[in-house]
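Below is one structure; the comments refer to it alone.
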Amino acid sequence: MKPNLVTTETIGHVGLMRFNNPEELNTLHIPMLLAMEDALTDLERDRNVRVIVVTGVNDKAFIAGGNIKDLNARHGLQHYNEFSETLHRVFRRFEVCNKPTIAAVNGWALGGGMEFMLTMDIRLMASEAKIGLPEIKLGIFPGGGGSQRLMRQLPLCQAKLLMFTGDFLNAEEAVAMGLVNQSVPRAQLLDESLKLAHRIAEKSPLALKFLKSSMLHGADMPLTAALAHEAATISLVFDSEDAHEGCSAFVEKRAAVFQGR
């Protein structure tokens, strides 16, 4: 019996999602994408989960890209659109998820794997791992959001260099470029990612939700509009129970206990 393509578990207030198709290096096809979406839906609906960590099940692959056999077997615009529309919908679901997300990039994150990584809020990468967008070598280009997200996260000339050459980056290079927050030895990657997730989970889930929303939507606005959006959003937070708890805890010199209300 084939195992679930994606597994989930909860550790305190942290949801852990693992890509679980190592025989195919967690490559992306429609069943994999739908399994990712279902797992995300479960973790989003779980009110106990405040932060989501995503990784692969072994040392070899995070997501090694699109499933080339599946893509090459497709013919006709409608058949390709089926895959493309599913890919973009699922990736956007992760990007706009109202809980902070952390990618623990344990191995290869190529093509669609790197494009998926670009949707994640925070990224830790195994020092032995590699990322890249090698689509140009196959006569195509990054079409899972990579051609648009990468140039919004890097200087344009750097984004073009990576996509035009298809070169890979190691963890040290990815950190220096600003694509990844931290390089971690593979043996420590999951522990460090969970430790960070637990630190974030101690904060107000309500404030985190609105902060992420303010940053996500404000990035697509002119500054004047973004500031107005921020002002409206913070107003929703100021009179929350969590805000009063945080201020009271500060005055009383104790640790705050946030409830997400």
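Letters A, B, ... mark the chains of the structure tokens in the order given; residue numbers begin at 1 per chain; ligand numbers begin at 1, in order shown.
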Can you pull out the residues contacting Met215 of chain A? Cut-off 10 Å, using only C-alpha atoms, and skip same-chain residues under 6 positions away; I want them as a VMD selection string.
chain A and resid 226 229 to 230
Using the selection just defined, write its residues with C-alpha atoms as a PDB file, in the first residue's frame.
ATOM      1  CA  ALA A 226       0.140  50.308   2.402  1.00  0.00           C
ATOM      2  CA  HIS A 229      -3.797  49.378   5.258  1.00  0.00           C
ATOM      3  CA  GLU A 230      -1.384  48.918   8.156  1.00  0.00           C
TER       4      GLU A 230
END
Name the residues of segment 55-149 of chain A that come out as strand (DSSP E) in a backbone DSSP run; write them as a PyMOL selection string.
chain A and resi 55-56+61-63+101-105+108-110+122-126+130-132
Could you write out that same residue set with C-alpha atoms as a PDB file, in the first residue's frame?
ATOM      1  CA  THR A  55      10.159  19.515   5.214  1.00  0.00           C
ATOM      2  CA  GLY A  56      10.937  16.264   3.379  1.00  0.00           C
ATOM      3  CA  ALA A  61      14.941  15.883  -1.347  1.00  0.00           C
ATOM      4  CA  PHE A  62      12.713  18.699  -0.142  1.00  0.00           C
ATOM      5  CA  ILE A  63      10.930  18.876  -3.509  1.00  0.00           C
ATOM      6  CA  THR A 101       5.281  29.027   7.719  1.00  0.00           C
ATOM      7  CA  ILE A 102       8.855  27.739   7.945  1.00  0.00           C
ATOM      8  CA  ALA A 103      10.566  25.740   5.200  1.00  0.00           C
ATOM      9  CA  ALA A 104      13.162  23.273   6.501  1.00  0.00           C
ATOM     10  CA  VAL A 105      14.913  22.620   3.192  1.00  0.00           C
ATOM     11  CA  TRP A 108      17.169  19.194  -3.315  1.00  0.00           C
ATOM     12  CA  ALA A 109      14.764  22.109  -3.860  1.00  0.00           C
ATOM     13  CA  LEU A 110      14.872  22.531  -7.607  1.00  0.00           C
ATOM     14  CA  ILE A 122      10.996  31.785   6.770  1.00  0.00           C
ATOM     15  CA  ARG A 123      13.545  29.375   5.283  1.00  0.00           C
ATOM     16  CA  LEU A 124      16.196  27.248   6.963  1.00  0.00           C
ATOM     17  CA  MET A 125      18.373  25.147   4.694  1.00  0.00           C
ATOM     18  CA  ALA A 126      20.585  22.151   5.311  1.00  0.00           C
ATOM     19  CA  LYS A 130      21.043  22.734  -3.109  1.00  0.00           C
ATOM     20  CA  ILE A 131      18.390  24.996  -4.605  1.00  0.00           C
ATOM     21  CA  GLY A 132      17.943  26.284  -8.138  1.00  0.00           C
TER      22      GLY A 132
END
Need the shell around segment 242-246 of chain A: protein/DNA/RNA residues with any atom at most 9 Å away, counting only C-alpha atoms. Skip same-chain ones fewer than 6 positions apart. Format as a list in words?
Ser204, Pro205, Leu206, Ala207, Ala255, Ala256, Val257, Phe258, Gln259, Gly260 and Arg261 of chain A
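Put simply, atom CA of Met151 of chain A is 11.8 Å away from atom CA of Glu115 of chain A.
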Select from segment 64-242 of chain A everything DSSP, run on the backbone, classes as alpha helix (DSSP H), then give the selection as an MDAnalysis selection string.
chainID A and resid 68:72 77:96 112:117 146:153 156:165 171:177 186:201 205:218 223:238 241:242
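Reported to one decimal place, the separation of atom CA of Ala39 of chain A from atom CA of Asn81 of chain A is 23.1 Å.
Distance-wise, atom CA of Ser84 of chain A and atom CA of Lys209 of chain A end up 28.2 Å apart.
Residue nearest Met36 of chain A, chosen from A:Ser213, A:Ser127, A:Thr224, A:Asn21 and counting only C-alpha atoms: A:Asn21.
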Residue contacts of Ala231 of chain A (12 Å, only C-alpha atoms) excluding same-chain residues fewer than 4 positions away, as a JSON list (two decimals) with C-alpha atoms, in the first residue's frame:
[["chain", "number", "residue", "atom", "x", "y", "z"],
["A", 210, "PHE", "CA", -2.68, 40.33, 11.03],
["A", 211, "LEU", "CA", 1.03, 41.15, 10.76],
["A", 214, "SER", "CA", -0.42, 43.48, 6.48],
["A", 218, "GLY", "CA", 1.10, 45.90, 1.63],
["A", 224, "THR", "CA", 0.68, 55.57, 1.00],
["A", 225, "ALA", "CA", -1.95, 52.87, 0.52],
["A", 226, "ALA", "CA", 0.14, 50.31, 2.40],
["A", 227, "LEU", "CA", 0.45, 52.60, 5.41],
["A", 235, "SER", "CA", -6.57, 48.91, 14.87],
["A", 236, "LEU", "CA", -8.09, 45.42, 14.79],
["A", 237, "VAL", "CA", -5.31, 44.18, 17.07],
["A", 238, "PHE", "CA", -5.08, 46.96, 19.67]]
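Using only C-alpha atoms, the protein and nucleic acid residues lying no more than 9 Å from Arg186 of chain A, apart from those fewer than 2 places from it along its own chain, are Asp59, Asn106, Gly107, Met125, Ala126, Ser127, Glu128, Ala129, Ser183, Val184, Gln188, Leu189 and Leu190 of chain A.
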Residues within 8 Å of segment 5-8 of chain A, only C-alpha atoms, excluding chain neighbours under 4 positions, as a PyMOL selection string:
chain A and resi 15-21+32+35-36+39+43
Take the selection from the previous step and output its residues with C-alpha atoms, as a PDB file, in the first residue's frame.
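Just written: part.pdb:
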ATOM      1  CA  GLY A  15       2.220  21.706  12.878  1.00  0.00           C
ATOM      2  CA  LEU A  16       4.828  19.599  11.065  1.00  0.00           C
ATOM      3  CA  MET A  17       4.177  18.717   7.416  1.00  0.00           C
ATOM      4  CA  ARG A  18       6.428  16.190   5.678  1.00  0.00           C
ATOM      5  CA  PHE A  19       6.615  15.416   1.956  1.00  0.00           C
ATOM      6  CA  ASN A  20       6.556  11.638   1.890  1.00  0.00           C
ATOM      7  CA  ASN A  21       7.253  10.383  -1.635  1.00  0.00           C
ATOM      8  CA  MET A  32       1.168  15.441  -4.743  1.00  0.00           C
ATOM      9  CA  ALA A  35      -2.085  16.069  -0.895  1.00  0.00           C
ATOM     10  CA  MET A  36      -0.131  19.219   0.031  1.00  0.00           C
ATOM     11  CA  ALA A  39      -2.491  18.769   4.625  1.00  0.00           C
ATOM     12  CA  LEU A  43      -3.274  22.416   9.814  1.00  0.00           C
TER      13      LEU A  43
END
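You can rank A:Met120, A:Leu194, A:Ala232, A:Leu162 by their closest distance to Val180 of chain A using only C-alpha atoms, and at the top of that list sits A:Met120.
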